[in-house]
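Colleague: work_39.cif is reproduced below (mmCIF, C-alpha atoms).
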```
data_model
#
loop_
_atom_site.group_PDB
_atom_site.id
_atom_site.type_symbol
_atom_site.label_atom_id
_atom_site.label_comp_id
_atom_site.auth_asym_id
_atom_site.auth_seq_id
_atom_site.Cartn_x
_atom_site.Cartn_y
_atom_site.Cartn_z
ATOM 1 C CA ASP J 31 136.190 75.544 -45.862
ATOM 2 C CA LEU J 32 137.959 75.843 -42.518
ATOM 3 C CA ARG J 33 140.362 73.095 -43.528
ATOM 4 C CA GLU J 34 141.237 74.875 -46.754
ATOM 5 C CA GLY J 35 141.673 78.143 -44.879
ATOM 6 C CA PHE J 36 143.988 76.412 -42.407
ATOM 7 C CA ARG J 37 146.053 74.885 -45.211
ATOM 8 C CA PHE J 38 146.442 78.285 -46.843
ATOM 9 C CA VAL J 39 147.570 79.951 -43.606
ATOM 10 C CA TRP J 40 149.833 77.031 -42.652
ATOM 11 C CA GLY J 41 151.543 77.160 -46.030
ATOM 12 C CA TRP J 42 152.481 80.832 -45.643
ATOM 13 C CA LYS J 43 154.879 81.256 -42.730
ATOM 14 C CA GLY J 44 154.523 85.023 -42.419
ATOM 15 C CA LEU J 45 150.728 84.855 -42.394
ATOM 16 C CA MET J 46 150.760 81.958 -39.944
ATOM 17 C CA LEU J 47 152.945 83.929 -37.505
ATOM 18 C CA PHE J 48 150.802 87.038 -37.947
ATOM 19 C CA VAL J 49 147.658 85.021 -37.206
ATOM 20 C CA ALA J 50 149.344 83.406 -34.186
ATOM 21 C CA ILE J 51 150.151 86.843 -32.769
ATOM 22 C CA GLY J 52 146.562 87.960 -33.283
ATOM 23 C CA THR J 53 145.213 84.829 -31.584
ATOM 24 C CA LEU J 54 147.516 85.288 -28.593
ATOM 25 C CA ILE J 55 146.468 88.929 -28.250
ATOM 26 C CA ASN J 56 142.813 87.873 -28.416
ATOM 27 C CA LEU J 57 143.366 85.254 -25.725
ATOM 28 C CA LEU J 58 144.979 87.735 -23.353
ATOM 29 C CA GLY J 59 143.244 90.963 -24.330
ATOM 30 C CA ARG J 60 139.617 89.856 -24.236
ATOM 31 C CA ALA J 61 140.155 88.429 -20.766
ATOM 32 C CA THR J 62 141.833 91.657 -19.679
ATOM 33 C CA ALA J 63 138.849 93.714 -20.819
ATOM 34 C CA SER J 64 136.496 91.423 -18.892
ATOM 35 C CA LEU J 65 138.415 92.208 -15.683
ATOM 36 C CA ILE J 66 137.711 95.955 -15.871
ATOM 37 C CA PRO J 67 134.757 95.779 -13.416
ATOM 38 C CA ILE J 68 136.974 94.037 -10.856
ATOM 39 C CA LEU J 69 139.750 96.550 -11.511
ATOM 40 C CA VAL J 70 137.297 99.373 -10.825
ATOM 41 C CA THR J 71 135.959 97.977 -7.565
ATOM 42 C CA GLN J 72 139.057 96.353 -6.058
ATOM 43 C CA HIS J 73 141.865 98.603 -7.275
ATOM 44 C CA LEU J 74 140.300 101.953 -8.074
ATOM 45 C CA GLY J 75 137.725 101.918 -5.284
ATOM 46 C CA GLY J 76 134.993 102.920 -7.689
ATOM 47 C CA GLY J 77 131.567 101.745 -8.709
ATOM 48 C CA VAL J 78 129.062 101.991 -11.531
ATOM 49 C CA LEU J 79 129.937 105.598 -12.391
ATOM 50 C CA GLU J 80 133.669 104.894 -12.683
ATOM 51 C CA PHE J 81 133.023 101.761 -14.740
ATOM 52 C CA GLY J 82 130.801 103.755 -17.086
ATOM 53 C CA LEU J 83 133.462 106.434 -17.466
ATOM 54 C CA LEU J 84 136.077 103.828 -18.379
ATOM 55 C CA GLN J 85 133.729 102.323 -20.960
ATOM 56 C CA SER J 86 133.196 105.813 -22.354
ATOM 57 C CA ALA J 87 136.971 106.304 -22.506
ATOM 58 C CA ILE J 88 137.317 103.116 -24.552
ATOM 59 C CA GLY J 89 134.575 104.292 -26.902
ATOM 60 C CA LEU J 90 136.081 107.752 -27.302
ATOM 61 C CA GLY J 91 139.482 106.213 -28.007
ATOM 62 C CA ALA J 92 137.930 103.966 -30.632
ATOM 63 C CA ILE J 93 136.227 106.931 -32.341
ATOM 64 C CA LEU J 94 139.476 108.901 -32.367
ATOM 65 C CA GLY J 95 141.329 105.862 -33.710
ATOM 66 C CA GLY J 96 138.825 105.419 -36.517
ATOM 67 C CA VAL J 97 138.983 109.087 -37.480
ATOM 68 C CA THR J 98 142.792 109.058 -37.388
ATOM 69 C CA LEU J 99 142.965 105.932 -39.507
ATOM 70 C CA GLY J 100 140.496 107.391 -42.000
ATOM 71 C CA ILE J 101 142.544 110.574 -42.387
ATOM 72 C CA TRP J 102 146.050 109.156 -42.129
ATOM 73 C CA GLY J 103 145.707 105.583 -43.361
ATOM 74 C CA GLY J 104 148.837 104.339 -41.618
ATOM 75 C CA PHE J 105 152.399 103.934 -42.817
ATOM 76 C CA LYS J 106 153.052 102.725 -46.354
ATOM 77 C CA ARG J 107 154.015 99.329 -44.957
ATOM 78 C CA ARG J 108 150.810 98.625 -43.078
ATOM 79 C CA VAL J 109 152.202 95.804 -40.979
ATOM 80 C CA VAL J 110 154.501 98.366 -39.326
ATOM 81 C CA THR J 111 151.471 100.430 -38.308
ATOM 82 C CA SER J 112 149.773 97.354 -36.872
ATOM 83 C CA LEU J 113 152.747 96.091 -34.880
ATOM 84 C CA LEU J 114 153.678 99.547 -33.605
ATOM 85 C CA ALA J 115 150.098 100.236 -32.494
ATOM 86 C CA LEU J 116 149.917 96.870 -30.730
ATOM 87 C CA ALA J 117 153.305 97.297 -29.047
ATOM 88 C CA LEU J 118 152.211 100.705 -27.720
ATOM 89 C CA ASP J 119 148.878 99.154 -26.755
ATOM 90 C CA GLY J 120 150.797 96.686 -24.606
ATOM 91 C CA ILE J 121 152.564 99.596 -22.905
ATOM 92 C CA GLY J 122 149.186 101.221 -22.240
ATOM 93 C CA ILE J 123 147.995 97.998 -20.619
ATOM 94 C CA LEU J 124 151.191 97.949 -18.549
ATOM 95 C CA VAL J 125 150.444 101.469 -17.322
ATOM 96 C CA VAL J 126 147.091 100.255 -16.006
ATOM 97 C CA GLY J 127 148.744 97.265 -14.348
ATOM 98 C CA LEU J 128 151.351 99.482 -12.670
ATOM 99 C CA SER J 129 148.937 102.245 -11.660
ATOM 100 C CA PRO J 130 148.777 103.141 -7.956
ATOM 101 C CA ARG J 131 145.663 102.229 -6.036
ATOM 102 C CA GLY J 132 142.884 104.719 -6.634
ATOM 103 C CA ALA J 133 144.619 106.408 -9.612
ATOM 104 C CA PHE J 134 141.425 106.653 -11.635
ATOM 105 C CA ALA J 135 142.494 109.535 -13.898
ATOM 106 C CA LEU J 136 145.693 107.719 -14.910
ATOM 107 C CA VAL J 137 143.815 104.504 -15.682
ATOM 108 C CA ALA J 138 141.108 106.365 -17.622
ATOM 109 C CA GLY J 139 143.745 108.094 -19.749
ATOM 110 C CA ALA J 140 145.516 104.797 -20.420
ATOM 111 C CA ILE J 141 142.210 103.122 -21.312
ATOM 112 C CA LEU J 142 141.432 105.900 -23.809
ATOM 113 C CA VAL J 143 144.837 105.405 -25.459
ATOM 114 C CA ILE J 144 144.308 101.631 -25.513
ATOM 115 C CA GLY J 145 140.976 102.059 -27.309
ATOM 116 C CA PHE J 146 142.638 104.384 -29.810
ATOM 117 C CA LEU J 147 145.557 102.036 -30.553
ATOM 118 C CA GLU J 148 143.475 98.867 -30.752
ATOM 119 C CA THR J 149 141.154 100.510 -33.272
ATOM 120 C CA LEU J 150 144.165 101.451 -35.397
ATOM 121 C CA ALA J 151 145.497 97.901 -35.244
ATOM 122 C CA LEU J 152 142.159 96.244 -36.020
ATOM 123 C CA GLY J 153 141.483 98.538 -38.973
ATOM 124 C CA ILE J 154 144.941 98.033 -40.422
ATOM 125 C CA ASN J 155 144.844 94.264 -39.904
ATOM 126 C CA GLY J 156 141.605 94.035 -41.850
ATOM 127 C CA ALA J 157 143.143 96.014 -44.703
ATOM 128 C CA VAL J 158 146.267 93.833 -44.670
ATOM 129 C CA GLY J 159 144.160 90.677 -44.829
ATOM 130 C CA GLN J 160 142.127 91.925 -47.769
ATOM 131 C CA ALA J 161 145.275 93.018 -49.598
ATOM 132 C CA ILE J 162 147.359 89.866 -49.209
ATOM 133 C CA ILE J 163 144.762 87.077 -49.292
ATOM 134 C CA PRO J 164 143.364 86.148 -52.719
ATOM 135 C CA PRO J 165 139.646 87.010 -53.007
ATOM 136 C CA GLU J 166 138.674 83.375 -53.508
ATOM 137 C CA MET J 167 140.335 82.442 -50.186
ATOM 138 C CA GLN J 168 139.250 85.388 -48.057
ATOM 139 C CA GLY J 169 135.990 83.841 -46.867
ATOM 140 C CA ARG J 170 137.731 80.644 -45.765
ATOM 141 C CA VAL J 171 140.630 82.419 -44.060
ATOM 142 C CA PHE J 172 138.458 84.999 -42.308
ATOM 143 C CA ALA J 173 136.128 82.227 -41.112
ATOM 144 C CA LEU J 174 139.164 80.436 -39.687
ATOM 145 C CA LEU J 175 140.315 83.614 -37.918
ATOM 146 C CA MET J 176 136.860 84.160 -36.450
ATOM 147 C CA THR J 177 136.746 80.571 -35.220
ATOM 148 C CA MET J 178 140.172 80.873 -33.608
ATOM 149 C CA SER J 179 139.104 84.110 -31.921
ATOM 150 C CA GLN J 180 135.963 82.475 -30.580
ATOM 151 C CA ILE J 181 138.047 79.630 -29.162
ATOM 152 C CA ALA J 182 140.727 81.910 -27.707
ATOM 153 C CA THR J 183 138.297 84.209 -25.890
ATOM 154 C CA PRO J 184 136.701 81.687 -23.477
ATOM 155 C CA LEU J 185 140.062 79.988 -23.009
ATOM 156 C CA GLY J 186 141.588 83.298 -21.944
ATOM 157 C CA LEU J 187 138.686 83.927 -19.568
ATOM 158 C CA ALA J 188 139.085 80.453 -18.062
ATOM 159 C CA ILE J 189 142.756 81.179 -17.334
ATOM 160 C CA ALA J 190 142.413 84.821 -16.283
ATOM 161 C CA GLY J 191 139.814 84.151 -13.598
ATOM 162 C CA PRO J 192 141.851 81.787 -11.395
ATOM 163 C CA VAL J 193 145.098 83.702 -12.040
ATOM 164 C CA SER J 194 143.502 87.000 -11.013
ATOM 165 C CA ASP J 195 141.970 85.413 -7.928
ATOM 166 C CA ALA J 196 145.339 84.049 -6.879
ATOM 167 C CA LEU J 197 147.671 86.914 -7.868
ATOM 168 C CA GLY J 198 145.398 89.933 -8.210
ATOM 169 C CA VAL J 199 143.700 91.563 -11.166
ATOM 170 C CA GLN J 200 146.661 93.843 -11.822
ATOM 171 C CA PHE J 201 148.928 90.832 -12.386
ATOM 172 C CA TRP J 202 146.882 89.793 -15.414
ATOM 173 C CA TRP J 203 147.084 93.321 -16.821
ATOM 174 C CA LEU J 204 150.860 93.285 -16.319
ATOM 175 C CA LEU J 205 151.184 89.837 -17.897
ATOM 176 C CA THR J 206 149.094 90.908 -20.875
ATOM 177 C CA GLY J 207 150.961 94.170 -21.389
ATOM 178 C CA ILE J 208 154.403 92.585 -21.161
ATOM 179 C CA THR J 209 153.457 89.724 -23.483
ATOM 180 C CA ILE J 210 151.837 91.894 -26.166
ATOM 181 C CA THR J 211 154.672 94.436 -26.196
ATOM 182 C CA THR J 212 157.390 91.764 -26.234
ATOM 183 C CA VAL J 213 155.781 89.704 -28.991
ATOM 184 C CA CYS J 214 155.082 92.721 -31.216
ATOM 185 C CA VAL J 215 158.570 94.191 -30.785
ATOM 186 C CA ALA J 216 160.070 90.775 -31.539
ATOM 187 C CA ALA J 217 157.937 90.584 -34.704
ATOM 188 C CA PHE J 218 159.830 93.570 -36.120
ATOM 189 C CA PHE J 219 162.869 91.293 -36.343
ATOM 190 C CA VAL J 220 161.078 88.477 -38.201
ATOM 191 C CA PRO J 221 161.492 88.988 -41.980
ATOM 192 C CA ASP J 222 158.569 86.698 -42.837
ATOM 193 C CA ILE J 223 156.237 89.013 -40.923
ATOM 194 C CA MET J 224 157.766 92.316 -41.974
ATOM 195 C CA HIS J 225 157.629 91.372 -45.677
ATOM 196 C CA ILE J 226 154.200 89.762 -45.562
ATOM 197 C CA GLU J 227 152.772 92.455 -47.848
ATOM 198 C CA ASP J 228 155.575 91.964 -50.396
ATOM 199 C CA ARG J 229 154.361 88.417 -51.009
ATOM 200 C CA ALA J 230 150.763 89.420 -51.606
ATOM 201 C CA GLN J 231 150.865 89.447 -55.407
ATOM 202 C CA PRO J 232 152.858 86.221 -55.921
ATOM 203 C CA VAL J 233 150.608 84.313 -53.552
ATOM 204 C CA ALA J 234 147.498 85.669 -55.230
ATOM 205 C CA ALA J 235 148.866 84.571 -58.610
ATOM 206 C CA GLU J 236 149.582 81.076 -57.335
ATOM 207 C CA GLY J 237 146.072 80.799 -55.866
#
```
Just dump the structure as structure tokens.
Modeller:
Amino acid sequence: DLREGFRFVWGWKGLMLFVAIGTLINLLGRATASLIPILVTQHLGGGVLEFGLLQSAIGLGAILGGVTLGIWGGFKRRVVTSLLALALDGIGILVVGLSPRGAFALVAGAILVIGFLETLALGINGAVGQAIIPPEMQGRVFALLMTMSQIATPLGLAIAGPVSDALGVQFWWLLTGITITTVCVAAFFVPDIMHIEDRAQPVAAEG
């Protein structure tokens, strides 16, 4: 099943690039989230209370993102909503990386926005996948995506730990923010990605 899912993704350039972007964001982003406790103690000078407040900010952002997505639904071309949300998400991560020492309120606000934007992107990406992938292939493709995410997450953690020890936790946040924003902005100039939804019906017919 995974092999068939891989063949399907590999044979569709736009989908392959879209999946590659998602995998890269998983690799960087999951590791970034795992560094929040260190960010709180080493950079913000906080403790359990401050960590709990940041977690609450993420949760509140996610709730607001879900409500917004439910009411609005995104732009007509859903891939635009996804890429724009992720590009802005990268900027939010950059704000955290550039925040002055002890600037808890600024970081908490940025974290809330990050939770909001990531919820938008995740919701839209799921809708895009269901719309463009033929029903008979969805299980195989989604299983492949889950497997790639599970591989990317520990790999990102394995890299983020030593890098953060050597260069500081903020460096990883900066690296993640710059990479996500750059990749997502660049994706706007890749026709295969921007027209991925246009190919949904022909590909479904061929399947």
Colleague: I'd like the neighbourhood of region 141-147 of chain J as a PDB file with C-alpha atoms, in the frame of the given file, where a residue qualifies if any of its atoms comes within 8 Å (using all atoms listed in the file), though same-chain residues fewer than 2 positions away should be ignored.
Modeller:
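Below you can see out_22.pdb, which holds the result:
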```
ATOM      1  CA  LEU J  84     136.077 103.828 -18.379  1.00  0.00           C
ATOM      2  CA  ALA J  87     136.971 106.304 -22.506  1.00  0.00           C
ATOM      3  CA  ILE J  88     137.317 103.116 -24.552  1.00  0.00           C
ATOM      4  CA  GLY J  89     134.575 104.292 -26.902  1.00  0.00           C
ATOM      5  CA  LEU J  90     136.081 107.752 -27.302  1.00  0.00           C
ATOM      6  CA  GLY J  91     139.482 106.213 -28.007  1.00  0.00           C
ATOM      7  CA  ALA J  92     137.930 103.966 -30.632  1.00  0.00           C
ATOM      8  CA  ILE J  93     136.227 106.931 -32.341  1.00  0.00           C
ATOM      9  CA  LEU J  94     139.476 108.901 -32.367  1.00  0.00           C
ATOM     10  CA  GLY J  95     141.329 105.862 -33.710  1.00  0.00           C
ATOM     11  CA  GLY J  96     138.825 105.419 -36.517  1.00  0.00           C
ATOM     12  CA  ALA J 115     150.098 100.236 -32.494  1.00  0.00           C
ATOM     13  CA  LEU J 116     149.917  96.870 -30.730  1.00  0.00           C
ATOM     14  CA  LEU J 118     152.211 100.705 -27.720  1.00  0.00           C
ATOM     15  CA  ASP J 119     148.878  99.154 -26.755  1.00  0.00           C
ATOM     16  CA  GLY J 122     149.186 101.221 -22.240  1.00  0.00           C
ATOM     17  CA  ILE J 123     147.995  97.998 -20.619  1.00  0.00           C
ATOM     18  CA  VAL J 126     147.091 100.255 -16.006  1.00  0.00           C
ATOM     19  CA  VAL J 137     143.815 104.504 -15.682  1.00  0.00           C
ATOM     20  CA  ALA J 138     141.108 106.365 -17.622  1.00  0.00           C
ATOM     21  CA  GLY J 139     143.745 108.094 -19.749  1.00  0.00           C
ATOM     22  CA  THR J 149     141.154 100.510 -33.272  1.00  0.00           C
ATOM     23  CA  LEU J 150     144.165 101.451 -35.397  1.00  0.00           C
ATOM     24  CA  ALA J 151     145.497  97.901 -35.244  1.00  0.00           C
TER      25      ALA J 151
END
```
Colleague: Considering all atoms listed in the file, state which residue in the set J:Phe81, J:Gly35, J:Thr98, J:Cys214 is at the smallest distance from Leu65 (chain J).
Modeller: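 Counting all atoms listed in the file, the residue closest to Leu65 (chain J) is J:Phe81.
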Colleague: Neighbourhood query: residues within 12 Å of (141.4, 96.7, -39.8), file coordinates, counting all atoms listed in the file; return as an MDAnalysis selection string.
Modeller: chainID J and resid 95:96 99:100 103:104 108:109 111:112 115 147:161
Colleague: Rounded to one decimal, what separation in Å do you get between CA of Gly207 (chain J) and CA of Ile55 (chain J)?
Modeller: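 Computing the Euclidean distance for CA of Gly207 (chain J) and CA of Ile55 (chain J) yields 9.7 Å.
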Colleague: Mind telling me what the PyMOL selection byres ((chain J and resi 174-189) around 9) catches here, as a PyMOL selection string?
Modeller: chain J and resi 31-33+35-36+49+52-54+56-62+64+169-173+190-194
Colleague: Do you know which residues the PyMOL selection byres ((chain J and resi 227) around 12) returns on this file, as a ChimeraX atom specification?
Modeller: /J:42,44-45,48,106-110,155,157-163,221-226,228-234
Colleague: What gap, in Å, lies between CA of Leu69 (chain J) and CA of Ala196 (chain J)?
Modeller: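 CA of Leu69 (chain J) sits 14.5 Å away from CA of Ala196 (chain J).
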Colleague: CA of Leu83 (chain J) to CA of Ile68 (chain J): how many Å, to one decimal?
Modeller: 14.5 Å
Colleague: Go ahead and fit an axis-aligned box to every listed atom of region 56-69 of chain J plus 3 Å each side, and pass me the centre and edge lengths in Å, one decimal, as lines of an AutoDock Vina configuration file.
Modeller:
```
center_x = 139.9
center_y = 90.9
center_z = -19.6
size_x = 16.2
size_y = 17.3
size_z = 23.6
```
